[in-house]
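A quick write-up on the structure given underneath.
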Amino acid sequence: MTSTATPSGLARFNALEEHAARTALLEVCASTAWAERLIAARPYADPDALYAGSDAAMAALTEADLAEAMAGHPPIGRPKPGDPTSAREQRGMAGATDELRAEMLELNLAYQERFGHVFLICATGRTAEEMRDAVRERLGNPPEKEREIVRTELGKINRIRLTRLVEED
């Protein structure tokens, strides 16, 4: 039996006052423009409509909006204290050796120096070695290509976080 009812988490999100909805969305993605686009399109009939709205908002972000979104992400291997979301997403770094952690720090710094922002990857489900290999590979990208990869990775992160938001009971 299939239900056409809006999931309770999505119904709750649709019903939030604008300020509360903005706060919830900015916990998903630090881009104000992205959050405002999603707020303006409420209510969402189903999670897929919300995800499609998120994808469209992500595609429309300017360079400044993208920079604002990336600023909300800590470097891989160094989630901010008291940030359970980043700690959960970067769980693959939890068992990394001291050597691998030191290498990730060096790679993060090299990446930030090259591109002017934190290395961003959808870390959920990735091992420390996979993240290290990804940053190594992406350090050789031209800035234009890397910007589009970052946009794609940010979209993946947003999808995971939005799913948690709308599936909460």
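Residue numbers start at 1 in each chain; chains themselves are named A, B, ... in the order of the structure tokens; ligands are numbered from 1 in the order shown.
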
Next item on the list: Skip region 112-115 of chain A itself and residues of its chain fewer than 3 positions away, then list as a list in words all residues within 8 Å of it, counting only C-alpha atoms.
Entry: Asn108, Leu109, Val118, Phe119, Leu139 and Pro143 of chain A

8 Å contact set for region 38-55 of chain A, only C-alpha atoms, chain neighbours under 3 positions out, as a PDB file with N, CA, C and O atoms, in the first residue's frame:
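Resulting contents of result28.pdb:
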ATOM      1  N   THR A   6       2.174  13.669   2.658  1.00  0.00           N
ATOM      2  CA  THR A   6       3.472  14.313   2.787  1.00  0.00           C
ATOM      3  C   THR A   6       4.148  13.756   4.038  1.00  0.00           C
ATOM      4  O   THR A   6       3.523  13.685   5.091  1.00  0.00           O
ATOM      5  N   PRO A   7       5.420  13.340   3.944  1.00  0.00           N
ATOM      6  CA  PRO A   7       6.116  12.853   5.140  1.00  0.00           C
ATOM      7  C   PRO A   7       6.052  13.893   6.255  1.00  0.00           C
ATOM      8  O   PRO A   7       6.103  15.101   5.991  1.00  0.00           O
ATOM      9  N   LEU A  10       8.685  16.646   6.292  1.00  0.00           N
ATOM     10  CA  LEU A  10       8.499  17.637   5.230  1.00  0.00           C
ATOM     11  C   LEU A  10       7.307  18.536   5.545  1.00  0.00           C
ATOM     12  O   LEU A  10       7.371  19.756   5.344  1.00  0.00           O
ATOM     13  N   ASN A  14       7.480  22.502   5.801  1.00  0.00           N
ATOM     14  CA  ASN A  14       6.593  23.375   5.024  1.00  0.00           C
ATOM     15  C   ASN A  14       5.842  24.363   5.915  1.00  0.00           C
ATOM     16  O   ASN A  14       5.560  25.482   5.495  1.00  0.00           O
ATOM     17  N   ALA A  15       5.534  23.944   7.155  1.00  0.00           N
ATOM     18  CA  ALA A  15       4.728  24.765   8.056  1.00  0.00           C
ATOM     19  C   ALA A  15       5.551  25.729   8.913  1.00  0.00           C
ATOM     20  O   ALA A  15       4.976  26.599   9.578  1.00  0.00           O
ATOM     21  N   GLU A  18       8.938  31.554   8.478  1.00  0.00           N
ATOM     22  CA  GLU A  18      10.053  31.834   7.577  1.00  0.00           C
ATOM     23  C   GLU A  18      11.402  31.841   8.288  1.00  0.00           C
ATOM     24  O   GLU A  18      12.382  31.261   7.806  1.00  0.00           O
ATOM     25  N   ALA A  21      12.418  28.305   9.166  1.00  0.00           N
ATOM     26  CA  ALA A  21      12.771  27.568   7.949  1.00  0.00           C
ATOM     27  C   ALA A  21      14.158  27.989   7.471  1.00  0.00           C
ATOM     28  O   ALA A  21      14.971  27.149   7.073  1.00  0.00           O
ATOM     29  N   ARG A  22      14.438  29.273   7.519  1.00  0.00           N
ATOM     30  CA  ARG A  22      15.752  29.788   7.105  1.00  0.00           C
ATOM     31  C   ARG A  22      16.838  29.193   7.991  1.00  0.00           C
ATOM     32  O   ARG A  22      17.876  28.725   7.508  1.00  0.00           O
ATOM     33  N   TRP A  34      20.748  30.189  -1.563  1.00  0.00           N
ATOM     34  CA  TRP A  34      20.188  28.840  -1.702  1.00  0.00           C
ATOM     35  C   TRP A  34      18.987  28.690  -0.765  1.00  0.00           C
ATOM     36  O   TRP A  34      17.918  28.244  -1.185  1.00  0.00           O
ATOM     37  N   ALA A  35      19.158  29.084   0.487  1.00  0.00           N
ATOM     38  CA  ALA A  35      18.079  28.971   1.472  1.00  0.00           C
ATOM     39  C   ALA A  35      16.868  29.806   1.065  1.00  0.00           C
ATOM     40  O   ALA A  35      15.724  29.343   1.143  1.00  0.00           O
ATOM     41  N   MET A  58      21.094  25.324  -6.300  1.00  0.00           N
ATOM     42  CA  MET A  58      22.552  25.115  -6.331  1.00  0.00           C
ATOM     43  C   MET A  58      23.117  25.540  -7.686  1.00  0.00           C
ATOM     44  O   MET A  58      24.149  26.212  -7.751  1.00  0.00           O
ATOM     45  N   ALA A  59      22.439  25.187  -8.753  1.00  0.00           N
ATOM     46  CA  ALA A  59      22.904  25.533 -10.098  1.00  0.00           C
ATOM     47  C   ALA A  59      22.924  27.045 -10.304  1.00  0.00           C
ATOM     48  O   ALA A  59      23.719  27.553 -11.095  1.00  0.00           O
ATOM     49  N   GLY A 155      26.075  19.892  -3.719  1.00  0.00           N
ATOM     50  CA  GLY A 155      24.719  19.404  -3.984  1.00  0.00           C
ATOM     51  C   GLY A 155      24.469  18.046  -3.351  1.00  0.00           C
ATOM     52  O   GLY A 155      23.385  17.797  -2.804  1.00  0.00           O
ATOM     53  N   ASN A 158      24.094  18.591   0.391  1.00  0.00           N
ATOM     54  CA  ASN A 158      22.786  19.189   0.673  1.00  0.00           C
ATOM     55  C   ASN A 158      21.679  18.145   0.596  1.00  0.00           C
ATOM     56  O   ASN A 158      20.761  18.140   1.417  1.00  0.00           O
ATOM     57  N   ARG A 159      21.753  17.260  -0.390  1.00  0.00           N
ATOM     58  CA  ARG A 159      20.731  16.215  -0.546  1.00  0.00           C
ATOM     59  C   ARG A 159      20.692  15.315   0.686  1.00  0.00           C
ATOM     60  O   ARG A 159      19.625  15.007   1.205  1.00  0.00           O
ATOM     61  N   LEU A 162      19.262  17.415   3.573  1.00  0.00           N
ATOM     62  CA  LEU A 162      17.823  17.646   3.399  1.00  0.00           C
ATOM     63  C   LEU A 162      17.028  16.372   3.675  1.00  0.00           C
ATOM     64  O   LEU A 162      15.935  16.444   4.256  1.00  0.00           O
ATOM     65  N   THR A 163      17.568  15.246   3.273  1.00  0.00           N
ATOM     66  CA  THR A 163      16.887  13.978   3.542  1.00  0.00           C
ATOM     67  C   THR A 163      16.719  13.781   5.038  1.00  0.00           C
ATOM     68  O   THR A 163      15.642  13.407   5.499  1.00  0.00           O
ATOM     69  N   VAL A 166      13.894  16.190   6.285  1.00  0.00           N
ATOM     70  CA  VAL A 166      12.500  15.866   5.976  1.00  0.00           C
ATOM     71  C   VAL A 166      12.074  14.491   6.452  1.00  0.00           C
ATOM     72  O   VAL A 166      10.884  14.192   6.479  1.00  0.00           O
TER      73      VAL A 166
END

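Proximity to region 98-106 of chain A at 8 Å, evaluated using only C-alpha atoms and with sequence-adjacent residues fewer than 5 positions away removed, yields A:Ile76, A:Gly77, A:Met93, A:Ala128, A:Glu129, A:Arg132.
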
Next item on the list: To one decimal in Å, tell me the separation between CA of Arg164 (chain A) and CA of Ala123 (chain A).
Entry: 15.6 Å

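Remark: for Glu27 (chain A), the closest of the candidate residues A:Asp133, A:Ala64, A:Gly72, A:Glu148 is A:Gly72 (distances computed over only C-alpha atoms).
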
Note to self: With DSSP run on the backbone, what are the helix (DSSP H, G or I) residues within region 2-166 of chain A? I'd like them as a PyMOL selection string.
What the structure shows: chain A and resi 8-15+18-28+32-40+47-59+63-71+84-89+91-93+98-115+128-138+143-166

Item checked: Residue nearest Ala67 (chain A) - candidates A:Ala20, A:Leu154, A:Leu165, A:Met131, atoms counted: only C-alpha atoms ->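 Distance minimum relative to Ala67 (chain A) lands on A:Leu154.
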
Notebook entry, point to check: Using only C-alpha atoms, which of A:Ala110, A:Ala33, A:Met70, A:Gly125 sits nearest Ala56 (chain A)?
Noted result: A:Ala33

Note to self: Restricting the calculation to only C-alpha atoms: of A:Gly9, A:Pro142, A:Arg136, A:Cys29, which residue gets closest to Lys156 (chain A)?
What the structure shows: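 Looking at the shortest contact to Lys156 (chain A), the residue is A:Cys29.
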
Next item on the list: Kindly give the distance, in Å, that separates CA of Ala57 (chain A) and CA of Glu168 (chain A), rounded to a single decimal.
Entry: 22.7 Å

Next item on the list: Rank nothing, just name the residue among A:Arg37, A:Glu153, A:Gly116, A:Ala94 nearest to Ala71 (chain A), using only C-alpha atoms.
Entry: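 Between A:Arg37, A:Glu153, A:Gly116, A:Ala94, the residue approaching Ala71 (chain A) most closely is A:Gly116.
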